[in-house]
file structure_21.txt (compact mmCIF, C-alpha atoms)
# COMPACT_ATOMS: atom_id res chain seq x y z
CA MET A 104 174.29 99.23 -27.71
CA THR A 105 171.77 100.28 -25.11
CA GLU A 106 173.01 99.83 -21.55
CA THR A 107 170.64 98.37 -18.96
CA VAL A 108 170.37 100.00 -15.55
CA ALA A 109 168.30 98.66 -12.66
CA ILE A 110 166.95 100.95 -9.95
CA ILE A 111 165.75 99.29 -6.80
CA GLY A 112 163.46 101.75 -5.08
CA CYS A 113 161.38 103.88 -7.48
CA GLY A 114 160.00 106.34 -4.97
CA TRP A 115 160.34 110.13 -4.57
CA LEU A 116 163.89 110.13 -6.00
CA GLY A 117 164.06 106.80 -7.83
CA LEU A 118 161.02 107.31 -10.07
CA PRO A 119 162.04 110.65 -11.65
CA LEU A 120 165.60 109.35 -11.95
CA ALA A 121 164.36 106.24 -13.77
CA GLU A 122 162.17 108.36 -16.05
CA SER A 123 165.06 110.69 -16.86
CA LEU A 124 167.43 107.80 -17.63
CA SER A 125 164.85 106.10 -19.85
CA GLN A 126 164.69 109.28 -21.93
CA LYS A 127 168.44 109.06 -22.52
CA ARG A 128 170.38 106.07 -23.80
CA PHE A 129 169.48 103.64 -21.02
CA ARG A 130 167.11 100.72 -20.78
CA VAL A 131 165.76 100.98 -17.21
CA HIS A 132 164.47 98.24 -14.92
CA GLY A 133 162.61 99.74 -11.98
CA SER A 134 161.37 98.04 -8.83
CA THR A 135 158.35 98.79 -6.71
CA THR A 136 156.72 97.07 -3.76
CA SER A 137 153.24 98.08 -4.95
CA LYS A 138 151.27 96.22 -7.65
CA GLU A 139 149.32 99.41 -8.32
CA LYS A 140 152.54 101.20 -9.30
CA LEU A 141 153.58 98.73 -12.00
CA SER A 142 151.45 100.39 -14.67
CA LEU A 143 152.79 103.83 -13.64
CA LEU A 144 156.37 102.69 -14.21
CA SER A 145 155.51 101.06 -17.52
CA GLY A 146 153.73 104.18 -18.72
CA ARG A 147 156.90 106.21 -18.14
CA GLY A 148 159.15 103.96 -20.20
CA ILE A 149 160.44 101.90 -17.27
CA HIS A 150 160.40 98.09 -17.26
CA PRO A 151 158.56 97.37 -13.99
CA PHE A 152 159.27 94.63 -11.47
CA LEU A 153 157.55 93.81 -8.18
CA ILE A 154 160.43 93.37 -5.73
CA SER A 155 160.54 93.60 -1.93
CA LEU A 156 163.40 93.07 0.49
CA THR A 157 163.08 91.36 3.85
CA GLU A 158 165.65 90.24 6.35
CA GLU A 159 165.13 86.63 5.23
CA ARG A 160 164.95 86.87 1.42
CA VAL A 161 164.49 88.98 -1.66
CA GLN A 162 160.90 88.54 -2.76
CA GLY A 163 159.99 88.74 -6.43
CA ALA A 164 161.66 88.02 -9.75
CA ILE A 165 165.08 89.33 -8.74
CA GLU A 166 166.87 87.23 -11.37
CA ALA A 167 164.78 88.75 -14.18
CA PHE A 168 165.15 92.21 -12.64
CA LEU A 169 168.94 91.92 -12.74
CA GLU A 170 169.23 90.01 -16.03
CA GLY A 171 171.56 91.81 -18.41
CA VAL A 172 172.04 94.66 -15.92
CA LYS A 173 175.43 96.33 -15.89
CA ILE A 174 174.64 98.98 -13.26
CA LEU A 175 172.48 98.59 -10.16
CA ILE A 176 171.32 101.77 -8.41
CA ILE A 177 170.31 101.09 -4.80
CA ASN A 178 167.91 103.70 -3.48
CA VAL A 179 166.37 102.01 -0.44
CA PRO A 180 166.70 103.92 2.86
CA PRO A 181 166.65 102.17 6.24
CA ARG A 182 163.28 101.99 7.97
CA LEU A 183 164.19 102.32 11.62
CA ARG A 184 161.50 104.62 12.98
CA GLY A 185 158.35 103.53 14.73
CA LYS A 186 157.66 100.16 16.30
CA LYS A 187 158.57 97.97 13.33
CA LYS A 188 162.33 98.35 12.97
CA GLU A 189 164.41 96.36 10.52
CA ASN A 190 167.92 95.06 10.11
CA TYR A 191 168.85 97.07 7.04
CA VAL A 192 172.28 95.50 6.74
CA LEU A 193 170.81 92.00 6.42
CA LYS A 194 168.53 93.20 3.63
CA MET A 195 171.42 94.82 1.78
CA ARG A 196 173.56 91.71 2.19
CA LEU A 197 170.88 89.63 0.49
CA LEU A 198 170.64 92.18 -2.31
CA ARG A 199 174.42 92.19 -2.68
CA ASP A 200 174.48 88.39 -2.99
CA ALA A 201 171.79 88.55 -5.68
CA ALA A 202 173.83 91.16 -7.55
CA VAL A 203 176.97 89.02 -7.33
CA ALA A 204 175.07 86.00 -8.67
CA SER A 205 173.74 88.01 -11.60
CA LYS A 206 177.18 89.40 -12.45
CA VAL A 207 176.25 93.06 -12.03
CA GLY A 208 179.54 94.92 -12.37
CA HIS A 209 178.74 98.39 -11.04
CA ILE A 210 176.87 99.58 -7.96
CA LEU A 211 175.64 103.10 -7.30
CA PHE A 212 174.59 103.22 -3.64
CA VAL A 213 172.47 106.13 -2.41
CA SER A 214 173.50 106.92 1.16
CA SER A 215 173.23 109.88 3.50
CA THR A 216 175.41 112.42 5.29
CA SER A 217 173.97 110.96 8.51
CA VAL A 218 176.98 108.61 8.45
CA TYR A 219 179.07 111.56 9.71
CA GLY A 220 177.07 111.83 12.92
CA ASP A 221 177.60 114.93 15.07
CA ILE A 222 181.04 115.89 13.78
CA GLU A 223 181.66 119.63 14.18
CA GLY A 224 182.95 121.91 11.43
CA GLU A 225 183.63 121.23 7.77
CA VAL A 226 183.15 117.67 6.58
CA THR A 227 184.52 116.36 3.28
CA GLU A 228 184.73 112.88 1.80
CA ALA A 229 188.11 112.54 3.54
CA THR A 230 186.45 112.89 6.96
CA THR A 231 186.13 109.61 8.85
CA PRO A 232 182.42 108.89 9.45
CA ARG A 233 181.24 108.72 13.06
CA PRO A 234 177.54 107.82 12.91
CA ASN A 235 175.63 108.27 16.16
CA THR A 236 172.19 107.04 15.07
CA GLU A 237 171.12 103.50 14.28
CA SER A 238 170.19 104.58 10.76
CA GLY A 239 173.60 106.15 10.17
CA LYS A 240 175.41 103.13 11.58
CA GLN A 241 173.53 100.68 9.40
CA LEU A 242 173.95 102.86 6.32
CA LEU A 243 177.72 102.94 6.84
CA GLN A 244 177.84 99.15 7.22
CA ALA A 245 175.73 98.76 4.08
CA GLU A 246 178.07 101.03 2.13
CA GLY A 247 180.92 98.68 2.98
CA LEU A 248 179.04 95.63 1.72
CA PHE A 249 179.30 97.01 -1.80
CA LYS A 250 182.33 99.31 -1.66
CA ASP A 251 184.62 96.63 -0.26
CA HIS A 252 183.39 93.71 -2.40
CA PRO A 253 185.73 92.60 -5.23
CA ALA A 254 182.82 91.86 -7.59
CA PHE A 255 181.86 95.52 -7.95
CA ALA A 256 183.10 98.92 -8.96
CA ALA A 257 180.97 100.75 -6.41
CA THR A 258 180.32 104.45 -5.94
CA ILE A 259 178.67 105.85 -2.81
CA VAL A 260 176.68 109.10 -2.87
CA ARG A 261 176.00 110.69 0.52
CA PHE A 262 173.11 113.12 0.03
CA GLY A 263 172.27 115.87 2.45
CA GLY A 264 168.66 116.59 3.33
CA LEU A 265 166.47 116.08 0.28
CA ILE A 266 164.11 118.85 -0.81
CA GLY A 267 161.90 119.31 -3.84
CA PRO A 268 158.28 118.87 -4.95
CA LYS A 269 156.07 118.11 -1.94
CA ARG A 270 159.13 117.67 0.29
CA HIS A 271 160.64 120.37 2.47
CA PRO A 272 161.49 120.45 6.21
CA ILE A 273 159.52 123.67 6.71
CA THR A 274 156.36 121.58 6.30
CA PHE A 275 156.84 119.94 9.71
CA LEU A 276 158.97 122.67 11.32
CA SER A 277 156.43 125.45 10.81
CA GLY A 278 155.13 126.76 14.13
CA ARG A 279 157.30 124.54 16.31
CA LYS A 280 158.81 126.15 19.40
CA GLY A 281 161.85 125.63 21.59
CA LEU A 282 164.06 124.11 18.88
CA SER A 283 167.66 123.89 20.02
CA ASN A 284 169.65 123.72 16.77
CA GLY A 285 169.09 127.19 15.32
CA ASN A 286 172.79 127.99 14.97
CA GLN A 287 173.61 124.78 13.12
CA TYR A 288 174.21 124.83 9.38
CA VAL A 289 171.72 123.56 6.82
CA ASN A 290 172.97 120.81 4.51
CA LEU A 291 170.35 120.38 1.80
CA ILE A 292 170.10 119.37 -1.86
CA HIS A 293 167.25 119.69 -4.36
CA LEU A 294 165.80 116.71 -6.24
CA THR A 295 166.89 118.16 -9.58
CA ASP A 296 170.52 118.24 -8.43
CA CYS A 297 170.23 114.71 -7.00
CA ILE A 298 169.23 113.39 -10.41
CA SER A 299 172.02 115.37 -12.10
CA VAL A 300 174.64 113.95 -9.71
CA LEU A 301 173.54 110.35 -10.22
CA GLU A 302 173.28 110.69 -14.00
CA ASN A 303 176.73 112.25 -14.25
CA ILE A 304 178.24 109.35 -12.32
CA LEU A 305 176.72 106.92 -14.81
CA LEU A 306 177.51 108.90 -17.97
CA LYS A 307 181.04 109.89 -16.96
CA LYS A 308 181.83 106.55 -15.26
CA TRP A 309 182.91 107.96 -11.90
CA TRP A 310 183.32 104.58 -10.24
CA ASN A 311 185.10 103.45 -7.07
CA ALA A 312 184.40 106.80 -5.44
CA ILE A 313 182.59 108.46 -2.55
CA PHE A 314 180.75 111.73 -3.10
CA ASN A 315 179.10 114.10 -0.69
CA ALA A 316 176.20 115.79 -2.46
CA VAL A 317 175.03 118.98 -0.73
CA TYR A 318 174.21 122.41 -2.16
CA PRO A 319 177.07 124.85 -1.38
CA TYR A 320 175.01 127.30 0.67
CA HIS A 321 175.01 126.86 4.44
CA PRO A 322 173.07 129.51 6.38
CA THR A 323 172.08 128.73 9.93
CA LYS A 324 168.87 126.80 10.36
CA GLU A 325 167.20 129.67 12.19
CA ASN A 326 167.93 132.18 9.40
CA TYR A 327 167.15 129.75 6.61
CA TYR A 328 163.82 128.45 7.91
CA ARG A 329 162.66 131.91 8.93
CA ALA A 330 163.27 133.11 5.36
CA ILE A 331 161.59 130.06 3.80
CA ALA A 332 158.58 130.41 6.10
CA GLN A 333 158.22 134.06 5.08
CA LYS A 334 158.39 133.16 1.38
CA ARG A 335 155.75 130.47 1.78
CA GLY A 336 153.50 132.46 4.06
CA VAL A 337 153.65 130.00 6.96
CA GLN A 338 154.53 130.42 10.63
CA PRO A 339 158.29 130.16 11.20
CA PRO A 340 159.76 127.83 13.80
CA GLU A 341 161.15 129.34 17.00
CA TYR A 342 164.61 128.49 18.28
CA GLU A 343 166.14 128.73 21.73
CA VAL A 344 168.68 131.49 22.28
CA ASN A 345 172.25 131.01 23.52
CA ASN A 346 172.84 127.77 21.65
CA ASN A 347 176.07 128.28 19.73
CA LYS A 348 176.71 124.74 18.58
CA LYS A 349 177.37 125.00 14.84
CA GLY A 350 177.25 121.33 13.94
CA LYS A 351 178.67 120.06 10.65
CA LYS A 352 178.99 121.83 7.32
CA ILE A 353 179.01 119.22 4.58
CA ILE A 354 181.30 120.09 1.68
CA ALA A 355 180.77 118.31 -1.65
CA HIS A 356 184.48 118.57 -2.33
CA GLU A 357 184.85 115.73 -4.83
CA LEU A 358 181.89 116.88 -6.95
CA LEU A 359 182.43 120.64 -6.85
CA PHE A 360 186.22 120.97 -6.81
CA VAL A 361 187.53 117.73 -8.32
CA LYS A 362 184.86 116.83 -10.89
CA MET A 363 183.80 120.48 -11.32
CA LEU A 364 180.12 119.50 -11.40
CA PRO A 365 177.91 122.51 -10.62
CA LEU A 366 174.87 122.09 -8.38
CA LYS A 367 172.41 124.49 -9.95
CA THR A 368 169.05 124.31 -8.21
CA SER A 369 168.71 126.77 -5.34
CA ILE A 370 167.49 125.60 -1.94
CA GLU A 371 165.97 129.03 -1.24
CA ASP A 372 162.63 128.55 -3.03
call {"tool": "encode", "arguments": {"input": "structure_21.txt", "output": "structure tokens"}}
result
Amino acid sequence: MTETVAIIGCGWLGLPLAESLSQKRFRVHGSTTSKEKLSLLSGRGIHPFLISLTEERVQGAIEAFLEGVKILIINVPPRLRGKKKENYVLKMRLLRDAAVASKVGHILFVSSTSVYGDIEGEVTEATTPRPNTESGKQLLQAEGLFKDHPAFAATIVRFGGLIGPKRHPITFLSGRKGLSNGNQYVNLIHLTDCISVLENILLKKWWNAIFNAVYPYHPTKENYYRAIAQKRGVQPPEYEVNNNKKGKKIIAHELLFVKMLPLKTSIED
């Protein structure tokens, strides 16, 4: 019997994930906030739904989107930059209530290593989060809405910085001067590995878990971005000297050493 998965948020990560799952044994419901994108989803084997989340309600055919769904993948980051800030936790609470009403049994929540804040040294899933940004704080609260609810078997994936097609920090770091974090570690993961991690959780039923997902290569930012800039033929960023703060090194302990899942796509290209 084909299992139905719903992905709320078919953007840079959600769309290729949905496409990959639809090519396997899953029936995939995918949400978008753009009418123009409905035909794109449909053309890639994804059952499209126009859904948007506000702090007051879930707009769109959420009941149909969740009908028959066993697994809901939540891939909606907080939007807290700029003038129009949101209460992300309220939006996730409304989505949680809709999932409870529809009897979704499993939640896969895409989160971020920003929940660890400015902790120094090695960070594993056993490390207590200490978010120091509004985004990190709201993400951690949102994790708890699903992880701690008795209706769900929920797994949380905390991705490091996402890189891949048309997305790399060097794009906006190139040529910048006076950066102060050159001795801090990079904590990045490629889109291909992101999809592999999420698919393995579904296929191998790794529920009621928390996973850090970061490629196991942690050069300093200064060394890494200088090398990437040279490879891409762009101006490297310049960092201040005499800043020895190392920051955090995210270890994907549960994936790499417990589940023995290799992360294969290099972050050096």
call {"tool": "closest_residue", "arguments": {"input": "structure_21.txt", "among": "A:Val179, A:Ala109, A:Ile313, A:Leu282", "to": "Thr231 in chain A", "atoms": "all atoms listed in the file"}}
result
A:Ile313
call {"tool": "closest_residue", "arguments": {"input": "structure_21.txt", "among": "A:Leu301, A:Lys352, A:Lys250, A:Asn284", "to": "Asn326 in chain A", "atoms": "only C-alpha atoms"}}
result
A:Asn284
call {"tool": "residues_around", "arguments": {"input": "structure_21.txt", "residues": "Cys297 in chain A", "least_positions_apart": "2", "cutoff": "9 Å", "atoms": "all atoms listed in the file", "output": "list of chain:residue names"}}
result
A:Leu116, A:Leu120, A:Phe262, A:Leu265, A:Ile292, A:His293, A:Leu294, A:Thr295, A:Ser299, A:Val300, A:Leu301, A:Glu302, A:Ala316, A:Val317, A:Leu366
call {"tool": "closest_residue", "arguments": {"input": "structure_21.txt", "among": "A:Ile353, A:Ala121, A:Ile149, A:Leu183", "to": "His321 in chain A", "atoms": "only C-alpha atoms"}}
result
A:Ile353
call {"tool": "residues_around", "arguments": {"input": "structure_21.txt", "residues": "range 175-178 of chain A", "least_positions_apart": "2", "cutoff": "6 Å", "atoms": "only C-alpha atoms", "output": "VMD selection string"}}
result
chain A and resid 108 to 112 210 to 213
call {"tool": "write_last_selection", "arguments": {"input": "structure_21.txt", "atoms": "C-alpha atoms", "output": "PDB file, keeping the file's coordinate frame"}}
result
ATOM      1  CA  VAL A 108     170.370 100.000 -15.550  1.00  0.00           C
ATOM      2  CA  ALA A 109     168.300  98.660 -12.660  1.00  0.00           C
ATOM      3  CA  ILE A 110     166.950 100.950  -9.950  1.00  0.00           C
ATOM      4  CA  ILE A 111     165.750  99.290  -6.800  1.00  0.00           C
ATOM      5  CA  GLY A 112     163.460 101.750  -5.080  1.00  0.00           C
ATOM      6  CA  ILE A 210     176.870  99.580  -7.960  1.00  0.00           C
ATOM      7  CA  LEU A 211     175.640 103.100  -7.300  1.00  0.00           C
ATOM      8  CA  PHE A 212     174.590 103.220  -3.640  1.00  0.00           C
ATOM      9  CA  VAL A 213     172.470 106.130  -2.410  1.00  0.00           C
TER      10      VAL A 213
END
call {"tool": "residues_around", "arguments": {"input": "structure_21.txt", "residues": "range 235-242 of chain A", "least_positions_apart": "5", "cutoff": "7 Å", "atoms": "only C-alpha atoms", "output": "list in words"}}
result
Pro181, Leu183, Tyr191, Val192, Ser214, Ser217, Val218 and Gly220 of chain A
